[in-house]
Structures are given as structure tokens and as C-alpha cells.
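J.: Structure: structure24.pdb, PDB, C-alpha atoms.
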ATOM      1  CA  MET H 577      72.047 139.766  93.951
ATOM      2  CA  LYS H 578      74.540 136.897  94.243
ATOM      3  CA  LYS H 579      75.965 135.147  91.196
ATOM      4  CA  LYS H 580      75.031 131.480  90.894
ATOM      5  CA  ILE H 581      77.282 128.461  90.442
ATOM      6  CA  ALA H 582      76.708 124.724  90.105
ATOM      7  CA  VAL H 583      79.511 122.281  90.918
ATOM      8  CA  PHE H 584      79.976 118.826  89.411
ATOM      9  CA  ASP H 585      82.219 115.930  90.302
ATOM     10  CA  PHE H 586      83.703 114.450  87.114
ATOM     11  CA  ASP H 587      84.597 110.739  87.401
ATOM     12  CA  GLY H 588      81.480 108.614  87.797
ATOM     13  CA  THR H 589      79.172 111.639  87.839
ATOM     14  CA  ILE H 590      79.713 113.217  84.426
ATOM     15  CA  THR H 591      81.523 110.131  83.106
ATOM     16  CA  THR H 592      80.536 106.469  83.102
ATOM     17  CA  LYS H 593      84.027 105.310  84.176
ATOM     18  CA  ASP H 594      87.044 106.476  86.165
ATOM     19  CA  THR H 595      89.077 108.494  83.676
ATOM     20  CA  LEU H 596      92.416 107.927  85.428
ATOM     21  CA  LEU H 597      92.125 104.194  84.771
ATOM     22  CA  GLU H 598      90.881 104.752  81.226
ATOM     23  CA  PHE H 599      93.720 107.200  80.555
ATOM     24  CA  ILE H 600      96.311 104.673  81.745
ATOM     25  CA  LYS H 601      94.765 101.945  79.570
ATOM     26  CA  PHE H 602      94.708 104.301  76.559
ATOM     27  CA  ASN H 603      98.385 105.205  77.035
ATOM     28  CA  LYS H 604      99.888 101.895  78.070
ATOM     29  CA  GLY H 605      97.629  99.276  76.493
ATOM     30  CA  SER H 606      95.464  96.693  78.252
ATOM     31  CA  PHE H 607      98.220  94.219  79.145
ATOM     32  CA  ALA H 608     100.479  96.822  80.784
ATOM     33  CA  PHE H 609      97.450  98.367  82.477
ATOM     34  CA  TYR H 610      96.191  95.160  84.102
ATOM     35  CA  SER H 611      99.644  93.858  85.033
ATOM     36  CA  GLY H 612     100.493  97.272  86.493
ATOM     37  CA  LEU H 613      97.314  97.304  88.568
ATOM     38  CA  LEU H 614      98.160  93.831  89.836
ATOM     39  CA  LEU H 615     101.588  95.039  90.975
ATOM     40  CA  ASN H 616      99.941  98.025  92.689
ATOM     41  CA  LEU H 617      97.243  95.899  94.337
ATOM     42  CA  PRO H 618      98.796  96.112  97.833
ATOM     43  CA  TYR H 619      98.506  99.923  97.738
ATOM     44  CA  LEU H 620      94.953  99.832  96.396
ATOM     45  CA  VAL H 621      93.903  97.371  99.101
ATOM     46  CA  ALA H 622      95.656  99.490 101.743
ATOM     47  CA  PHE H 623      93.651 102.491 100.557
ATOM     48  CA  LYS H 624      90.358 100.557 100.587
ATOM     49  CA  ILE H 625      90.907  99.489 104.201
ATOM     50  CA  LYS H 626      92.031 103.028 105.110
ATOM     51  CA  ILE H 627      95.680 102.254 105.921
ATOM     52  CA  ILE H 628      96.913 104.807 103.377
ATOM     53  CA  SER H 629      95.237 107.926 102.001
ATOM     54  CA  ASN H 630      93.550 108.385  98.648
ATOM     55  CA  GLN H 631      96.438 110.668  97.690
ATOM     56  CA  SER H 632      99.122 108.111  98.590
ATOM     57  CA  ALA H 633      97.417 105.363  96.575
ATOM     58  CA  LYS H 634      96.941 107.667  93.584
ATOM     59  CA  GLU H 635     100.583 108.775  93.664
ATOM     60  CA  LYS H 636     101.804 105.158  93.796
ATOM     61  CA  VAL H 637      99.802 104.387  90.633
ATOM     62  CA  LEU H 638     100.819 107.604  88.856
ATOM     63  CA  LYS H 639     104.494 107.019  89.651
ATOM     64  CA  PHE H 640     104.335 103.441  88.428
ATOM     65  CA  PHE H 641     102.861 104.377  85.053
ATOM     66  CA  PHE H 642     104.122 107.908  84.379
ATOM     67  CA  HIS H 643     107.284 108.656  86.400
ATOM     68  CA  ASP H 644     109.842 110.469  84.218
ATOM     69  CA  THR H 645     107.459 110.876  81.262
ATOM     70  CA  PRO H 646     108.426 114.090  79.410
ATOM     71  CA  LEU H 647     105.736 116.725  79.916
ATOM     72  CA  ALA H 648     105.365 117.373  76.169
ATOM     73  CA  VAL H 649     104.696 113.663  75.516
ATOM     74  CA  PHE H 650     102.240 113.496  78.408
ATOM     75  CA  LYS H 651     100.369 116.600  77.214
ATOM     76  CA  ASN H 652     100.076 115.198  73.686
ATOM     77  CA  ASN H 653      98.660 111.957  75.125
ATOM     78  CA  CYS H 654      96.152 113.988  77.162
ATOM     79  CA  VAL H 655      94.957 115.857  74.064
ATOM     80  CA  SER H 656      94.565 112.560  72.149
ATOM     81  CA  PHE H 657      92.629 110.990  75.044
ATOM     82  CA  SER H 658      90.404 114.051  75.352
ATOM     83  CA  LYS H 659      89.514 113.906  71.652
ATOM     84  CA  GLU H 660      89.365 110.157  71.045
ATOM     85  CA  ILE H 661      88.139 108.572  74.284
ATOM     86  CA  LEU H 662      86.589 111.134  76.621
ATOM     87  CA  PRO H 663      83.525 112.008  74.502
ATOM     88  CA  GLY H 664      82.478 108.336  74.609
ATOM     89  CA  LEU H 665      82.627 108.317  78.423
ATOM     90  CA  ILE H 666      80.400 111.364  78.987
ATOM     91  CA  ARG H 667      76.894 110.732  80.296
ATOM     92  CA  LYS H 668      74.368 112.313  77.928
ATOM     93  CA  LYS H 669      72.072 113.404  80.778
ATOM     94  CA  ALA H 670      74.962 115.038  82.639
ATOM     95  CA  LEU H 671      75.889 117.080  79.579
ATOM     96  CA  GLU H 672      72.243 118.053  79.081
ATOM     97  CA  GLU H 673      72.061 119.233  82.703
ATOM     98  CA  ILE H 674      75.242 121.306  82.318
ATOM     99  CA  LYS H 675      73.835 122.955  79.178
ATOM    100  CA  ARG H 676      70.500 123.620  80.923
ATOM    101  CA  LEU H 677      72.229 125.345  83.845
ATOM    102  CA  GLN H 678      74.441 127.399  81.555
ATOM    103  CA  GLY H 679      71.326 128.399  79.595
ATOM    104  CA  GLU H 680      69.944 129.846  82.827
ATOM    105  CA  GLY H 681      73.097 131.926  83.275
ATOM    106  CA  ILE H 682      74.531 129.702  86.016
ATOM    107  CA  THR H 683      78.315 129.222  86.077
ATOM    108  CA  VAL H 684      79.297 125.544  85.944
ATOM    109  CA  ALA H 685      82.464 124.314  87.664
ATOM    110  CA  ILE H 686      83.816 120.780  87.402
ATOM    111  CA  VAL H 687      85.637 119.773  90.593
ATOM    112  CA  SER H 688      87.723 116.644  90.078
ATOM    113  CA  ALA H 689      90.215 114.496  91.954
ATOM    114  CA  SER H 690      91.663 113.461  88.594
ATOM    115  CA  PRO H 691      94.554 115.549  87.272
ATOM    116  CA  GLN H 692      93.369 118.472  85.175
ATOM    117  CA  ASP H 693      95.505 117.535  82.163
ATOM    118  CA  TRP H 694      93.069 115.285  80.278
ATOM    119  CA  ILE H 695      89.904 117.117  81.404
ATOM    120  CA  GLN H 696      90.885 120.728  80.618
ATOM    121  CA  ASP H 697      90.300 120.682  76.846
ATOM    122  CA  TRP H 698      86.870 119.090  77.245
ATOM    123  CA  ALA H 699      85.907 121.548  80.024
ATOM    124  CA  ASP H 700      86.999 124.478  77.835
ATOM    125  CA  GLU H 701      84.994 123.086  74.927
ATOM    126  CA  ILE H 702      81.742 123.024  76.924
ATOM    127  CA  GLY H 703      82.441 126.347  78.659
ATOM    128  CA  ALA H 704      82.880 124.983  82.194
ATOM    129  CA  LEU H 705      85.470 126.027  84.741
ATOM    130  CA  LEU H 706      87.779 123.283  85.998
ATOM    131  CA  ILE H 707      89.135 122.781  89.506
ATOM    132  CA  ALA H 708      91.212 119.589  89.684
ATOM    133  CA  SER H 709      94.271 117.868  91.096
ATOM    134  CA  GLN H 710      97.608 119.103  89.745
ATOM    135  CA  LEU H 711     100.568 116.954  88.758
ATOM    136  CA  GLU H 712     104.059 117.775  89.987
ATOM    137  CA  ILE H 713     106.540 118.560  87.201
ATOM    138  CA  LYS H 714     110.324 118.547  87.698
ATOM    139  CA  ASN H 715     112.897 119.182  84.975
ATOM    140  CA  GLY H 716     110.182 118.987  82.320
ATOM    141  CA  LYS H 717     109.001 115.539  83.438
ATOM    142  CA  ILE H 718     106.087 114.026  85.349
ATOM    143  CA  THR H 719     107.201 112.830  88.800
ATOM    144  CA  GLY H 720     104.022 110.908  89.630
ATOM    145  CA  ASN H 721     103.447 113.036  92.719
ATOM    146  CA  LEU H 722     100.636 115.542  93.006
ATOM    147  CA  SER H 723     101.445 119.208  93.405
ATOM    148  CA  GLY H 724      99.495 120.079  96.538
ATOM    149  CA  LYS H 725      96.614 118.014  97.845
ATOM    150  CA  ASN H 726      94.429 115.563  95.969
ATOM    151  CA  CYS H 727      91.207 117.423  95.086
ATOM    152  CA  HIS H 728      88.988 115.023  97.037
ATOM    153  CA  GLY H 729      86.656 115.266 100.025
ATOM    154  CA  ASN H 730      87.169 118.426 102.094
ATOM    155  CA  GLU H 731      89.847 119.585  99.651
ATOM    156  CA  LYS H 732      87.111 120.020  97.030
ATOM    157  CA  VAL H 733      85.354 122.489  99.321
ATOM    158  CA  ARG H 734      88.613 124.298 100.120
ATOM    159  CA  ARG H 735      89.436 124.648  96.432
ATOM    160  CA  ILE H 736      85.908 125.891  95.590
ATOM    161  CA  CYS H 737      86.186 128.519  98.341
ATOM    162  CA  GLU H 738      89.661 129.462  97.080
ATOM    163  CA  THR H 739      88.334 129.913  93.524
ATOM    164  CA  PHE H 740      85.045 131.630  94.332
ATOM    165  CA  ASP H 741      84.308 134.253  96.992
ATOM    166  CA  LEU H 742      81.191 132.534  98.292
ATOM    167  CA  SER H 743      80.008 135.769  99.900
ATOM    168  CA  LYS H 744      79.354 136.888  96.304
ATOM    169  CA  TYR H 745      78.171 133.526  94.970
ATOM    170  CA  GLU H 746      75.359 131.140  95.771
ATOM    171  CA  VAL H 747      76.116 127.454  95.181
ATOM    172  CA  VAL H 748      72.734 126.500  93.783
ATOM    173  CA  ALA H 749      73.451 122.862  92.950
ATOM    174  CA  ALA H 750      76.090 120.165  93.469
ATOM    175  CA  TYR H 751      76.349 116.792  91.755
ATOM    176  CA  GLY H 752      78.416 113.826  92.946
ATOM    177  CA  ASP H 753      78.564 110.050  93.114
ATOM    178  CA  SER H 754      80.854 109.054  95.995
ATOM    179  CA  SER H 755      81.652 109.688  99.658
ATOM    180  CA  GLY H 756      84.487 111.957  98.491
ATOM    181  CA  ASP H 757      81.852 114.334  97.105
ATOM    182  CA  LYS H 758      79.754 114.634 100.271
ATOM    183  CA  PRO H 759      81.497 117.756 101.679
ATOM    184  CA  MET H 760      80.948 119.473  98.307
ATOM    185  CA  LEU H 761      77.312 118.329  98.161
ATOM    186  CA  ALA H 762      76.748 119.918 101.583
ATOM    187  CA  LEU H 763      77.713 123.332 100.185
ATOM    188  CA  ALA H 764      74.765 123.560  97.827
ATOM    189  CA  ALA H 765      71.152 124.607  98.159
ATOM    190  CA  GLN H 766      70.297 121.490  96.155
ATOM    191  CA  SER H 767      72.485 118.386  96.094
ATOM    192  CA  PHE H 768      72.189 115.450  93.716
ATOM    193  CA  TYR H 769      73.822 112.122  94.531
ATOM    194  CA  ARG H 770      74.264 109.772  91.551
ATOM    195  CA  PRO H 771      71.640 111.711  89.557
ATOM    196  CA  PHE H 772      72.452 110.499  86.052
TER     197      PHE H 772
END
Take the structure in the file and write it out as C-alpha cells.
T.:
Amino acid sequence: MKKKIAVFDFDGTITTKDTLLEFIKFNKGSFAFYSGLLLNLPYLVAFKIKIISNQSAKEKVLKFFFHDTPLAVFKNNCVSFSKEILPGLIRKKALEEIKRLQGEGITVAIVSASPQDWIQDWADEIGALLIASQLEIKNGKITGNLSGKNCHGNEKVRRICETFDLSKYEVVAAYGDSSGDKPMLALAAQSFYRPF
């Protein structure tokens, strides 16, 4: 008998807001956040009209706000965000659904385009596996680039298949809220779009 897994997108599905933006605001303050977004507007518009990729736009923003941040400082900020801000962004019904699935013996995996750094502690706390984008580190500092591909769209499916031997697992349910989740939703016996 195959083991069972359920896969969840994070930002907008489990959370009420995009955690990358909330993490930047938490770290840099509202003024620096909004002025920084304004300066990055050309890249964000270029992404929206499909001139540049999701990964390129994300890396432009990450570089602007976090390039050359020492890893130890960044990690401490991630822990603070995870404890102070993240619990207030979690949808109650999403958490209830995760607990229900786990109660039935189903493995829960969170599959996120956001970097793993500020999600990992929360995922560990609720007993969920985490598959997420990875930040590039050089000389003990954040570069602003991603290490490998942004965990979005088809990359979510590739990373799920890399993590789980799907010949031994049945993906019983998938939960998402955007077009970037549709390939992952197609993997599951039951898919839920914007369910919470």
C-alpha cells in the first residue's frame, strides 16, 4: 500500500499575505520597504507583463534589500520573523486542515517559492516537511541570488518528485492559490484552489 502525502503552497494559501514582502517590511521598516519597491517597480512590471521571469524579478528584489547581509544576521532576523510575525499571518482553516491530514497519518509537505529561511522553524513546529527556494550564500553573506531554480510552477513538481519517490507515494491532496501552483495541483487525486 502506498504512503500518502498532501502538498500545500505557502504564500496566499496557508498565509493571508506574501511572506517575502512581509519579511522585507519587518526587517527594513515601512519607509525603506515602500521606497525600495518603488525603485524596483520596473522589474515588477516587467515580470507582470512576462518580459522577465518570476525568478529574475525575485532576485532583483532580494539583491536590493539583502545583498551582502551576513548570514548570521539574516538567520537571526528569520527566527524573529517566524516567532513574532508569521503566526499572525497563518490562516486558521489551513492549519486545521494540516492537523486533520496529519491525524489521518498523511505526510504534509509545504512547497514554497519563498526562501526556506523564514518558513523552516514554523514548518518544523507543526511537523510538516518543507520544500522551498534556496538562497545563494557566498563568503558567509546573502548574494540576493537563488541557489538553483525558484520553486514555482513546474519546478514545484520537479522538487516534489526529487523529494518523494512517487511510485511509493500517492499525492492525495494539493492546495494552492495561484497559476504557479497549477502544475502541483495536477499531481493530486484531489486539488483545492483557494480553499481557505
J.: Identify all residues satisfying the PyMOL selection byres ((chain H and resi 598) around 12) in the given file; provide them as a PyMOL selection string.
T.: chain H and resi 587+591-597+599-606+609-610+654+657-658+660-662+664-665+690+694
J.: Expand the PyMOL selection byres ((chain H and resi 577) around 10) into the individual residues it matches in the shown file, reporting them as a count of residues only.
T.: 6
J.: Apply the PyMOL selection byres ((chain H and resi 765) around 6) to the file shown and report the selected residues as a list of chain:residue names.
T.: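 Applying the expression gives H:Val748, H:Ala749, H:Ala764, H:Gln766.
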J.: For a test of reading the model, state the distance in Å between atom CA of H:Lys714 and atom CA of H:Asp644, rounded to one decimal.
T.: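 Result for atom CA of H:Lys714 versus atom CA of H:Asp644: 8.8 Å, one decimal.
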J.: For atom CA of H:Ile590 and atom CA of H:Ile686, quote the distance in Å rounded to one decimal.
T.: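 These atoms are spaced 9.1 Å apart.
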